[in-house]
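Asker: protein.pdb is the file, holding PDB, C-alpha atoms:
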ATOM      1  CA  MET A 175      30.639   4.580   3.894
ATOM      2  CA  THR A 176      30.171   3.887   0.184
ATOM      3  CA  THR A 177      26.743   4.286  -1.385
ATOM      4  CA  PRO A 178      25.511   1.074  -3.015
ATOM      5  CA  ALA A 179      24.192   1.270  -6.552
ATOM      6  CA  LEU A 180      21.060  -0.681  -5.602
ATOM      7  CA  SER A 181      19.032  -1.270  -2.454
ATOM      8  CA  VAL A 182      16.327  -3.932  -2.382
ATOM      9  CA  VAL A 183      13.705  -3.347   0.333
ATOM     10  CA  ILE A 184      11.661  -6.379   1.431
ATOM     11  CA  PRO A 185       8.930  -6.007   4.100
ATOM     12  CA  MET A 186       8.389  -9.298   5.925
ATOM     13  CA  TYR A 187       5.852 -10.637   8.386
ATOM     14  CA  ASN A 188       5.835 -14.314   9.390
ATOM     15  CA  GLU A 189       7.714 -15.449   6.281
ATOM     16  CA  GLN A 190       9.772 -18.315   7.738
ATOM     17  CA  GLU A 191       8.500 -20.766   5.121
ATOM     18  CA  VAL A 192       9.331 -18.679   2.067
ATOM     19  CA  LEU A 193      12.519 -17.034   3.371
ATOM     20  CA  PRO A 194      14.983 -19.771   2.295
ATOM     21  CA  LEU A 195      13.439 -19.785  -1.187
ATOM     22  CA  LEU A 196      13.696 -16.010  -1.404
ATOM     23  CA  ILE A 197      17.358 -15.918  -0.375
ATOM     24  CA  GLY A 198      18.215 -18.819  -2.666
ATOM     25  CA  ARG A 199      16.750 -16.965  -5.624
ATOM     26  CA  LEU A 200      17.703 -13.362  -4.835
ATOM     27  CA  ARG A 201      21.304 -13.712  -3.697
ATOM     28  CA  PRO A 202      22.734 -15.441  -6.807
ATOM     29  CA  LEU A 203      20.873 -12.921  -8.967
ATOM     30  CA  LEU A 204      22.361  -9.873  -7.248
ATOM     31  CA  ASP A 205      25.830 -11.402  -6.766
ATOM     32  CA  GLY A 206      25.999 -12.055 -10.492
ATOM     33  CA  ALA A 207      24.864  -8.560 -11.470
ATOM     34  CA  GLY A 208      28.322  -7.070 -10.967
ATOM     35  CA  LEU A 209      27.179  -4.097  -8.887
ATOM     36  CA  ASP A 210      27.405  -2.919  -5.300
ATOM     37  CA  TYR A 211      24.108  -3.598  -3.543
ATOM     38  CA  GLU A 212      22.352  -4.067  -0.231
ATOM     39  CA  VAL A 213      19.202  -5.983   0.705
ATOM     40  CA  VAL A 214      17.137  -4.297   3.431
ATOM     41  CA  ALA A 215      14.899  -6.935   5.023
ATOM     42  CA  VAL A 216      12.356  -5.277   7.326
ATOM     43  CA  ASP A 217      10.920  -7.674   9.888
ATOM     44  CA  ASP A 218       7.504  -6.268  10.795
ATOM     45  CA  GLY A 219       7.297  -7.761  14.283
ATOM     46  CA  SER A 220       7.037 -11.369  13.114
ATOM     47  CA  ALA A 221       5.766 -13.930  15.615
ATOM     48  CA  ASP A 222       7.493 -16.911  13.961
ATOM     49  CA  ALA A 223      11.164 -17.663  13.231
ATOM     50  CA  THR A 224      11.564 -15.003  10.543
ATOM     51  CA  ALA A 225      13.756 -12.724  12.687
ATOM     52  CA  PRO A 226      16.223 -15.426  13.861
ATOM     53  CA  MET A 227      16.482 -16.787  10.335
ATOM     54  CA  LEU A 228      17.274 -13.325   8.981
ATOM     55  CA  LEU A 229      19.957 -12.742  11.608
ATOM     56  CA  LEU A 230      21.512 -16.117  10.823
ATOM     57  CA  ALA A 231      21.508 -15.372   7.093
ATOM     58  CA  CYS A 232      23.016 -11.953   7.803
ATOM     59  CA  ARG A 233      26.183 -13.614   9.129
ATOM     60  CA  GLU A 234      26.760 -15.419   5.841
ATOM     61  CA  TRP A 235      25.477 -12.731   3.467
ATOM     62  CA  ALA A 236      27.362  -9.471   4.003
ATOM     63  CA  GLN A 237      25.013  -7.451   1.815
ATOM     64  CA  LEU A 238      21.933  -8.468   3.830
ATOM     65  CA  ARG A 239      20.783  -5.793   6.256
ATOM     66  CA  VAL A 240      18.175  -6.679   8.871
ATOM     67  CA  VAL A 241      15.850  -4.007  10.256
ATOM     68  CA  ARG A 242      13.508  -5.208  12.991
ATOM     69  CA  LEU A 243      10.450  -3.233  14.079
ATOM     70  CA  ARG A 244       9.431  -3.477  17.712
ATOM     71  CA  ARG A 245       5.839  -4.369  16.861
ATOM     72  CA  ASN A 246       3.711  -5.284  13.885
ATOM     73  CA  SER A 247       3.031  -1.938  12.228
ATOM     74  CA  GLY A 248       1.604  -3.035   8.876
ATOM     75  CA  HIS A 249       2.939  -3.559   5.376
ATOM     76  CA  GLN A 250       3.040   0.107   4.348
ATOM     77  CA  ALA A 251       4.777   1.114   7.596
ATOM     78  CA  ALA A 252       7.404  -1.613   7.125
ATOM     79  CA  LEU A 253       7.892  -0.471   3.546
ATOM     80  CA  THR A 254       8.326   3.086   4.808
ATOM     81  CA  ALA A 255      10.986   1.967   7.282
ATOM     82  CA  GLY A 256      12.890   0.230   4.498
ATOM     83  CA  LEU A 257      12.667   3.165   2.094
ATOM     84  CA  HIS A 258      13.793   5.625   4.749
ATOM     85  CA  ARG A 259      16.839   3.522   5.682
ATOM     86  CA  ALA A 260      17.896   2.336   2.230
ATOM     87  CA  ARG A 261      21.124   3.946   1.008
ATOM     88  CA  GLY A 262      21.250   2.959  -2.653
ATOM     89  CA  GLU A 263      21.273   5.221  -5.680
ATOM     90  CA  TYR A 264      18.237   3.215  -6.779
ATOM     91  CA  VAL A 265      15.834   1.509  -4.392
ATOM     92  CA  ALA A 266      13.653  -1.447  -5.407
ATOM     93  CA  SER A 267      10.785  -2.724  -3.261
ATOM     94  CA  ILE A 268       9.430  -6.257  -3.497
ATOM     95  CA  ASP A 269       7.373  -8.590  -1.298
ATOM     96  CA  ALA A 270       8.893 -11.741   0.143
ATOM     97  CA  ASP A 271       6.324 -14.179  -1.300
ATOM     98  CA  LEU A 272       8.030 -14.407  -4.748
ATOM     99  CA  GLN A 273       4.799 -13.621  -6.568
ATOM    100  CA  ASP A 274       6.766 -10.767  -8.132
ATOM    101  CA  PRO A 275       9.901 -12.123  -9.909
ATOM    102  CA  PRO A 276      13.164 -10.731  -8.448
ATOM    103  CA  GLU A 277      14.779 -11.090 -11.880
ATOM    104  CA  LYS A 278      12.756  -8.092 -13.060
ATOM    105  CA  ILE A 279      14.648  -5.817 -10.632
ATOM    106  CA  LEU A 280      17.715  -5.794 -12.872
ATOM    107  CA  GLU A 281      15.510  -5.130 -15.901
ATOM    108  CA  MET A 282      13.973  -2.171 -14.055
ATOM    109  CA  LEU A 283      17.424  -0.849 -13.170
ATOM    110  CA  ALA A 284      18.638  -1.142 -16.764
ATOM    111  CA  LEU A 285      15.537   0.686 -18.040
ATOM    112  CA  ALA A 286      15.903   3.467 -15.457
ATOM    113  CA  ARG A 287      19.541   4.027 -16.367
ATOM    114  CA  ALA A 288      19.003   3.811 -20.118
ATOM    115  CA  GLU A 289      16.106   6.287 -20.209
ATOM    116  CA  SER A 290      17.005   8.433 -17.148
ATOM    117  CA  LEU A 291      13.836   7.451 -15.298
ATOM    118  CA  ASP A 292      13.156   8.090 -11.621
ATOM    119  CA  ILE A 293      10.403   5.472 -11.297
ATOM    120  CA  VAL A 294       9.936   2.090 -12.939
ATOM    121  CA  TYR A 295       6.735   0.214 -12.109
ATOM    122  CA  GLY A 296       6.333  -3.526 -12.168
ATOM    123  CA  VAL A 297       3.034  -4.029 -14.007
ATOM    124  CA  ARG A 298       1.172  -7.340 -13.850
ATOM    125  CA  ASP A 299       0.079  -8.162 -17.388
ATOM    126  CA  ASP A 300      -0.916 -11.728 -16.439
ATOM    127  CA  ARG A 301      -2.811 -12.412 -13.190
ATOM    128  CA  THR A 302      -4.094 -15.892 -13.944
ATOM    129  CA  ALA A 303      -2.354 -17.153 -10.805
ATOM    130  CA  ASP A 304      -4.706 -15.030  -8.675
ATOM    131  CA  THR A 305      -8.196 -16.167  -7.754
ATOM    132  CA  PRO A 306     -11.089 -14.817  -9.893
ATOM    133  CA  PHE A 307     -12.320 -12.859  -6.880
ATOM    134  CA  LYS A 308      -8.962 -11.141  -6.398
ATOM    135  CA  ARG A 309      -8.629 -10.371 -10.108
ATOM    136  CA  HIS A 310     -12.072  -8.775 -10.266
ATOM    137  CA  THR A 311     -11.670  -6.782  -7.047
ATOM    138  CA  ALA A 312      -8.258  -5.566  -8.230
ATOM    139  CA  GLN A 313      -9.801  -4.374 -11.499
ATOM    140  CA  VAL A 314     -12.478  -2.480  -9.569
ATOM    141  CA  TYR A 315      -9.854  -0.963  -7.255
ATOM    142  CA  TYR A 316      -7.628   0.346 -10.064
ATOM    143  CA  ARG A 317     -10.556   1.700 -12.055
ATOM    144  CA  LEU A 318     -11.784   3.541  -8.968
ATOM    145  CA  MET A 319      -8.335   4.936  -8.170
ATOM    146  CA  ARG A 320      -7.779   6.128 -11.732
ATOM    147  CA  ARG A 321     -11.165   7.838 -11.636
ATOM    148  CA  LEU A 322     -10.536   9.533  -8.284
ATOM    149  CA  VAL A 323      -6.803  10.257  -8.457
ATOM    150  CA  GLY A 324      -6.220  10.445 -12.207
ATOM    151  CA  LYS A 325      -4.937   8.359 -15.092
ATOM    152  CA  LYS A 326      -1.367   8.742 -13.881
ATOM    153  CA  VAL A 327      -1.994   5.747 -11.584
ATOM    154  CA  PRO A 328      -0.572   2.747 -13.473
ATOM    155  CA  HIS A 329      -2.993  -0.116 -13.971
ATOM    156  CA  ASN A 330      -2.164  -3.351 -12.084
ATOM    157  CA  ALA A 331       0.948  -1.888 -10.432
ATOM    158  CA  GLY A 332       1.393  -2.752  -6.757
ATOM    159  CA  ASP A 333       4.392  -2.149  -4.497
ATOM    160  CA  PHE A 334       6.896  -3.816  -6.833
ATOM    161  CA  ARG A 335       8.813  -0.841  -8.236
ATOM    162  CA  LEU A 336      12.194   0.854  -8.599
ATOM    163  CA  LEU A 337      12.840   4.403  -7.351
ATOM    164  CA  SER A 338      15.747   6.741  -7.903
ATOM    165  CA  ARG A 339      17.411   8.461  -4.963
ATOM    166  CA  ALA A 340      15.605  11.704  -5.911
ATOM    167  CA  ALA A 341      12.221   9.946  -5.773
ATOM    168  CA  VAL A 342      13.036   8.337  -2.421
ATOM    169  CA  GLU A 343      14.053  11.673  -0.917
ATOM    170  CA  ALA A 344      10.828  13.237  -2.201
ATOM    171  CA  LEU A 345       8.834  10.479  -0.466
ATOM    172  CA  ARG A 346      10.815  10.956   2.739
ATOM    173  CA  ALA A 347       9.849  14.633   2.731
ATOM    174  CA  MET A 348       6.148  13.756   2.658
ATOM    175  CA  PRO A 349       4.474  14.418   6.046
ATOM    176  CA  GLU A 350       1.859  11.668   5.731
ATOM    177  CA  ARG A 351       1.593   9.151   8.572
ATOM    178  CA  GLN A 352      -0.328   6.523   6.594
ATOM    179  CA  PRO A 353       1.082   6.600   3.065
ATOM    180  CA  VAL A 354      -0.370   4.485   0.274
ATOM    181  CA  TYR A 355       2.632   4.234  -2.024
ATOM    182  CA  ARG A 356       0.843   2.843  -5.052
ATOM    183  CA  LEU A 357      -0.927   6.220  -5.226
ATOM    184  CA  LEU A 358       1.655   8.486  -3.615
ATOM    185  CA  VAL A 359       4.487   7.500  -5.980
ATOM    186  CA  PRO A 360       2.538   8.337  -9.181
ATOM    187  CA  TRP A 361       1.444  11.603  -7.548
ATOM    188  CA  LEU A 362       5.105  12.754  -7.523
ATOM    189  CA  GLY A 363       5.006  13.123 -11.296
ATOM    190  CA  PHE A 364       8.602  11.992 -11.824
ATOM    191  CA  PRO A 365       9.612  10.469 -15.199
ATOM    192  CA  SER A 366       8.495   6.860 -15.136
ATOM    193  CA  GLY A 367       8.417   3.648 -17.133
ATOM    194  CA  GLU A 368       6.976   0.158 -16.842
ATOM    195  CA  VAL A 369       8.216  -3.411 -16.886
ATOM    196  CA  ALA A 370       5.571  -6.089 -17.458
ATOM    197  CA  TYR A 371       5.642  -9.486 -15.790
ATOM    198  CA  ARG A 372       3.489 -12.494 -14.989
ATOM    199  CA  ARG A 373       2.336 -12.710 -11.387
ATOM    200  CA  GLU A 374       3.079 -16.113  -9.880
ATOM    201  CA  VAL A 375       1.422 -18.027  -7.068
ATOM    202  CA  ARG A 376       2.852 -17.569  -3.583
ATOM    203  CA  ALA A 377       5.983 -19.711  -3.247
ATOM    204  CA  ALA A 378       5.219 -20.804   0.333
ATOM    205  CA  GLY A 379       3.290 -19.760   3.418
ATOM    206  CA  SER A 380      -0.047 -17.979   3.572
ATOM    207  CA  THR A 381      -1.143 -14.609   2.273
ATOM    208  CA  LYS A 382      -0.654 -11.577   4.515
ATOM    209  CA  TYR A 383      -3.346  -9.619   2.681
ATOM    210  CA  PRO A 384      -6.754 -11.150   3.543
ATOM    211  CA  LEU A 385     -10.019  -9.529   2.511
ATOM    212  CA  SER A 386     -10.109  -7.270   5.578
ATOM    213  CA  LYS A 387      -6.713  -5.731   4.743
ATOM    214  CA  MET A 388      -7.677  -5.346   1.097
ATOM    215  CA  VAL A 389     -10.779  -3.406   2.163
ATOM    216  CA  ARG A 390      -8.659  -1.311   4.539
ATOM    217  CA  LEU A 391      -6.230  -0.515   1.723
ATOM    218  CA  ALA A 392      -9.103   0.584  -0.515
ATOM    219  CA  VAL A 393     -10.523   2.828   2.221
ATOM    220  CA  ASP A 394      -7.080   4.327   2.931
ATOM    221  CA  SER A 395      -6.536   4.916  -0.777
ATOM    222  CA  VAL A 396      -9.817   6.763  -1.240
ATOM    223  CA  THR A 397      -9.681   8.874   1.923
ATOM    224  CA  ASP A 398      -5.992   9.761   1.504
ATOM    225  CA  PHE A 399      -6.322  11.100  -2.023
ATOM    226  CA  SER A 400      -9.878  12.270  -2.534
ATOM    227  CA  ALA A 401     -12.684  14.169  -0.806
ATOM    228  CA  ALA A 402     -15.222  12.475  -3.094
ATOM    229  CA  PRO A 403     -16.852  10.493  -0.234
ATOM    230  CA  LEU A 404     -17.645  13.748   1.555
ATOM    231  CA  ARG A 405     -19.259  15.079  -1.597
ATOM    232  CA  LEU A 406     -21.136  11.782  -1.892
ATOM    233  CA  ALA A 407     -22.501  12.349   1.600
ATOM    234  CA  THR A 408     -23.633  15.838   0.593
ATOM    235  CA  TRP A 409     -25.418  14.598  -2.529
ATOM    236  CA  SER A 410     -27.005  11.709  -0.615
ATOM    237  CA  GLY A 411     -28.370  14.164   1.933
ATOM    238  CA  LEU A 412     -29.752  16.362  -0.843
ATOM    239  CA  ALA A 413     -31.355  13.380  -2.605
ATOM    240  CA  SER A 414     -33.000  12.187   0.620
ATOM    241  CA  PHE A 415     -34.329  15.698   1.282
ATOM    242  CA  LEU A 416     -35.862  15.909  -2.199
ATOM    243  CA  LEU A 417     -37.385  12.440  -1.860
ATOM    244  CA  CYS A 418     -38.937  13.286   1.481
ATOM    245  CA  PHE A 419     -40.230  16.588   0.045
ATOM    246  CA  VAL A 420     -41.922  14.702  -2.795
ATOM    247  CA  LEU A 421     -43.467  12.252  -0.314
ATOM    248  CA  GLY A 422     -44.701  15.163   1.775
ATOM    249  CA  CYS A 423     -46.348  16.808  -1.261
ATOM    250  CA  TYR A 424     -47.969  13.490  -2.192
ATOM    251  CA  SER A 425     -49.374  13.030   1.324
ATOM    252  CA  LEU A 426     -50.702  16.595   1.369
ATOM    253  CA  ALA A 427     -52.361  16.154  -2.025
ATOM    254  CA  ARG A 428     -54.010  12.918  -0.892
ATOM    255  CA  PHE A 429     -55.295  14.700   2.225
ATOM    256  CA  VAL A 430     -56.783  17.578   0.183
ATOM    257  CA  VAL A 431     -58.796  15.232  -2.068
ATOM    258  CA  GLY A 432     -60.088  13.414   0.983
ATOM    259  CA  ALA A 433     -58.258  10.173   0.438
ATOM    260  CA  THR A 434     -56.913   8.249   3.392
ATOM    261  CA  VAL A 435     -53.162   8.081   3.586
ATOM    262  CA  SER A 436     -51.877   4.787   4.956
ATOM    263  CA  GLY A 437     -48.987   6.500   6.707
ATOM    264  CA  TRP A 438     -47.339   3.794   8.751
ATOM    265  CA  THR A 439     -45.440   2.064   5.921
ATOM    266  CA  SER A 440     -44.367   5.236   4.132
ATOM    267  CA  LEU A 441     -43.369   6.950   7.383
ATOM    268  CA  PHE A 442     -41.425   3.940   8.578
ATOM    269  CA  THR A 443     -39.592   3.670   5.231
ATOM    270  CA  ALA A 444     -38.747   7.382   5.197
ATOM    271  CA  ILE A 445     -37.363   7.272   8.741
ATOM    272  CA  LEU A 446     -35.201   4.251   7.974
ATOM    273  CA  PHE A 447     -33.945   5.846   4.760
ATOM    274  CA  LEU A 448     -33.063   9.131   6.435
ATOM    275  CA  GLY A 449     -31.447   7.335   9.364
ATOM    276  CA  GLY A 450     -29.315   5.250   7.023
ATOM    277  CA  VAL A 451     -28.160   8.297   5.071
ATOM    278  CA  GLN A 452     -27.304  10.155   8.271
ATOM    279  CA  LEU A 453     -25.309   7.248   9.645
ATOM    280  CA  LEU A 454     -23.459   6.915   6.348
ATOM    281  CA  CYS A 455     -22.580  10.614   6.378
ATOM    282  CA  LEU A 456     -21.474  10.438  10.006
ATOM    283  CA  GLY A 457     -19.300   7.410   9.198
ATOM    284  CA  LEU A 458     -17.607   9.223   6.313
ATOM    285  CA  LEU A 459     -17.011  12.298   8.440
ATOM    286  CA  GLY A 460     -15.662  10.095  11.222
ATOM    287  CA  GLU A 461     -13.219   8.417   8.818
ATOM    288  CA  TYR A 462     -11.758  11.746   7.751
ATOM    289  CA  LEU A 463     -11.790  13.128  11.293
ATOM    290  CA  GLY A 464      -9.968  10.012  12.493
ATOM    291  CA  ARG A 465      -7.228  10.658   9.957
ATOM    292  CA  VAL A 466      -6.884  14.244  11.132
ATOM    293  CA  PHE A 467      -6.654  12.923  14.702
ATOM    294  CA  VAL A 468      -3.834  10.541  13.748
ATOM    295  CA  GLU A 469      -1.940  13.267  11.884
ATOM    296  CA  VAL A 470      -2.269  15.758  14.754
ATOM    297  CA  LYS A 471      -0.949  13.305  17.353
ATOM    298  CA  GLY A 472       2.180  12.855  15.258
ATOM    299  CA  ARG A 473       3.027   9.395  16.581
ATOM    300  CA  PRO A 474       5.561   7.479  14.456
ATOM    301  CA  THR A 475       4.073   4.747  12.296
ATOM    302  CA  TYR A 476       6.887   2.385  13.260
ATOM    303  CA  ILE A 477       9.648   2.054  15.858
ATOM    304  CA  VAL A 478      12.907   0.385  14.864
ATOM    305  CA  GLY A 479      14.280  -1.970  17.464
ATOM    306  CA  TYR A 480      17.367  -3.189  15.625
ATOM    307  CA  ASP A 481      19.342  -2.375  12.491
ATOM    308  CA  SER A 482      22.216  -4.694  11.679
ATOM    309  CA  ALA A 483      23.988  -1.986   9.645
ATOM    310  CA  GLU A 484      24.053   0.407  12.585
ATOM    311  CA  THR A 485      25.247  -2.362  14.902
ATOM    312  CA  ALA A 486      28.078  -3.160  12.505
ATOM    313  CA  GLU A 487      29.044   0.523  12.294
ATOM    314  CA  GLN A 488      29.130   0.854  16.076
ATOM    315  CA  ALA A 489      31.275  -2.266  16.338
ATOM    316  CA  ALA A 490      33.690  -0.865  13.735
ATOM    317  CA  VAL A 491      33.963   2.449  15.589
ATOM    318  CA  GLY A 492      34.566   0.634  18.865
ATOM    319  CA  ALA A 493      37.306  -1.469  17.295
ATOM    320  CA  ARG A 494      39.183   1.686  16.318
TER     321      ARG A 494
END
Since I need it in another form, could you write the structure as structure tokens?
Answerer:
Amino acid sequence: MTTPALSVVIPMYNEQEVLPLLIGRLRPLLDGAGLDYEVVAVDDGSADATAPMLLLACREWAQLRVVRLRRNSGHQAALTAGLHRARGEYVASIDADLQDPPEKILEMLALARAESLDIVYGVRDDRTADTPFKRHTAQVYYRLMRRLVGKKVPHNAGDFRLLSRAAVEALRAMPERQPVYRLLVPWLGFPSGEVAYRREVRAAGSTKYPLSKMVRLAVDSVTDFSAAPLRLATWSGLASFLLCFVLGCYSLARFVVGATVSGWTSLFTAILFLGGVQLLCLGLLGEYLGRVFVEVKGRPTYIVGYDSAETAEQAAVGAR
């Protein structure tokens, strides 16, 4: 089987409303590029008509490859499934909501070939389409990640990127069960470049990244790449010990001079403070221990139920 020059990986979950718009914009672009390509659409256990619509489109679009996961495994897991199954010399990843312009994929490919780059990031230089809350929280997230992980993390770069085959194989060799690619890809240290673009509003449908998932992503990012929270727990424990020591010295001094110490308020405050610090430390330890538990079990992050490319190959072999 020939290796396509470009694979485009698109994780999808309940995207029936935006799917026709995506196909109508992506297919003419890639058909007119004059290169051999494949589009790997990963259905992440959608509960709407996304899967049937993809299978119907697959009959009319030979380059469309449909990979269906047996259950909803999450955006990063669906992205992992697509990256692991993509066959192209270069692999681009993009979300289905058309907030990231597909036209930039060809610009990324041209830049990678011209400058021999293994990674090209799509960087959002204009986020006016996002809500003020999302813009501010994104700024906080990237500042925190650059402080914890290092300045190699590109600012305002999400999961819209282009990877060479060497970079994809390096990611496939990673043993992590819960990868955060916007941090893991820069960690590779491969030669990289950037393509700037304006982030648009979602073309149709509703967002698949509510506040709860954004918080989960931030927690995963911090705990996957830094032990700083554990050190924070250590310093918090030390600070609480010193504070309680000072309060103890103050109470003793008041007792020596014969003054009455009104102990109920101070004692109650100290107990609450110490209890809060202990619970925080236990929560941080539990978060890291939970990750060790997941890694030790070794369960796959996704299970593929159907791959149209493999079905086509089996049919071809049977016909022989």
Asker: Taking the file as shown, what set of residues would the PyMOL selection byres ((chain A and resi 184) around 9) give back, as a ChimeraX atom specification?
Answerer: /A:182-183,185-186,213-217,252-253,256,266-270
Asker: I need the chosen residues saved as an mmCIF file, keeping the file's coordinate frame, with C-alpha atoms.
Answerer:
data_model
loop_
_atom_site.group_PDB
_atom_site.id
_atom_site.type_symbol
_atom_site.label_atom_id
_atom_site.label_comp_id
_atom_site.auth_asym_id
_atom_site.auth_seq_id
_atom_site.Cartn_x
_atom_site.Cartn_y
_atom_site.Cartn_z
ATOM 1 C CA VAL A 182 16.327 -3.932 -2.382
ATOM 2 C CA VAL A 183 13.705 -3.347 0.333
ATOM 3 C CA PRO A 185 8.930 -6.007 4.100
ATOM 4 C CA MET A 186 8.389 -9.298 5.925
ATOM 5 C CA VAL A 213 19.202 -5.983 0.705
ATOM 6 C CA VAL A 214 17.137 -4.297 3.431
ATOM 7 C CA ALA A 215 14.899 -6.935 5.023
ATOM 8 C CA VAL A 216 12.356 -5.277 7.326
ATOM 9 C CA ASP A 217 10.920 -7.674 9.888
ATOM 10 C CA ALA A 252 7.404 -1.613 7.125
ATOM 11 C CA LEU A 253 7.892 -0.471 3.546
ATOM 12 C CA GLY A 256 12.890 0.230 4.498
ATOM 13 C CA ALA A 266 13.653 -1.447 -5.407
ATOM 14 C CA SER A 267 10.785 -2.724 -3.261
ATOM 15 C CA ILE A 268 9.430 -6.257 -3.497
ATOM 16 C CA ASP A 269 7.373 -8.590 -1.298
ATOM 17 C CA ALA A 270 8.893 -11.741 0.143
#
Asker: Counting all atoms listed in the file, which residue out of A:Gly208, A:Pro202, A:Pro276, A:Gly262 sits closest to Thr177 in chain A?
Answerer: A:Gly262
Asker: Go ahead and compute the interatomic distance for CA of Gln352 in chain A and CA of Tyr462 in chain A, in Å to one decimal.
Answerer: 12.6 Å
Asker: Hey, can you check how far CA of Met348 in chain A sits from CA of Leu285 in chain A?
Answerer: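 So the answer is 26.2 Å.
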Asker: Enumerate, as number ranges by chain, the residues matched when the PyMOL selection byres ((chain A and resi 360-362) around 8) is run on the file above.
Answerer: A: 326-328, 341, 344, 356-359, 363-364
Asker: For CA of Leu204 in chain A and CA of Ala284 in chain A, quote the distance in Å rounded to one decimal.
Answerer: 13.4 Å
Asker: Which residue out of A:Leu463, A:Met227, A:Val241, A:Leu448 has the minimum interatomic distance to Glu189 in chain A when only C-alpha atoms are used?
Answerer: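 Distance minimum relative to Glu189 in chain A lands on A:Met227.
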Asker: Identify, on the basis of only C-alpha atoms, every residue whose closest approach to range 289-292 of chain A does not exceed 7 Å; exclude the query and any residue fewer than 2 positions from it along the same chain; express the result as a ChimeraX atom specification.
Answerer: /A:285-287,294,337-338,341,364-367
Asker: Restricting the calculation to only C-alpha atoms: of A:Asp218, A:Asp210, A:Asp481, A:Glu374, which residue gets closest to Leu180 in chain A?
Answerer: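 Among A:Asp218, A:Asp210, A:Asp481, A:Glu374, it is A:Asp210 that comes nearest to Leu180 in chain A.
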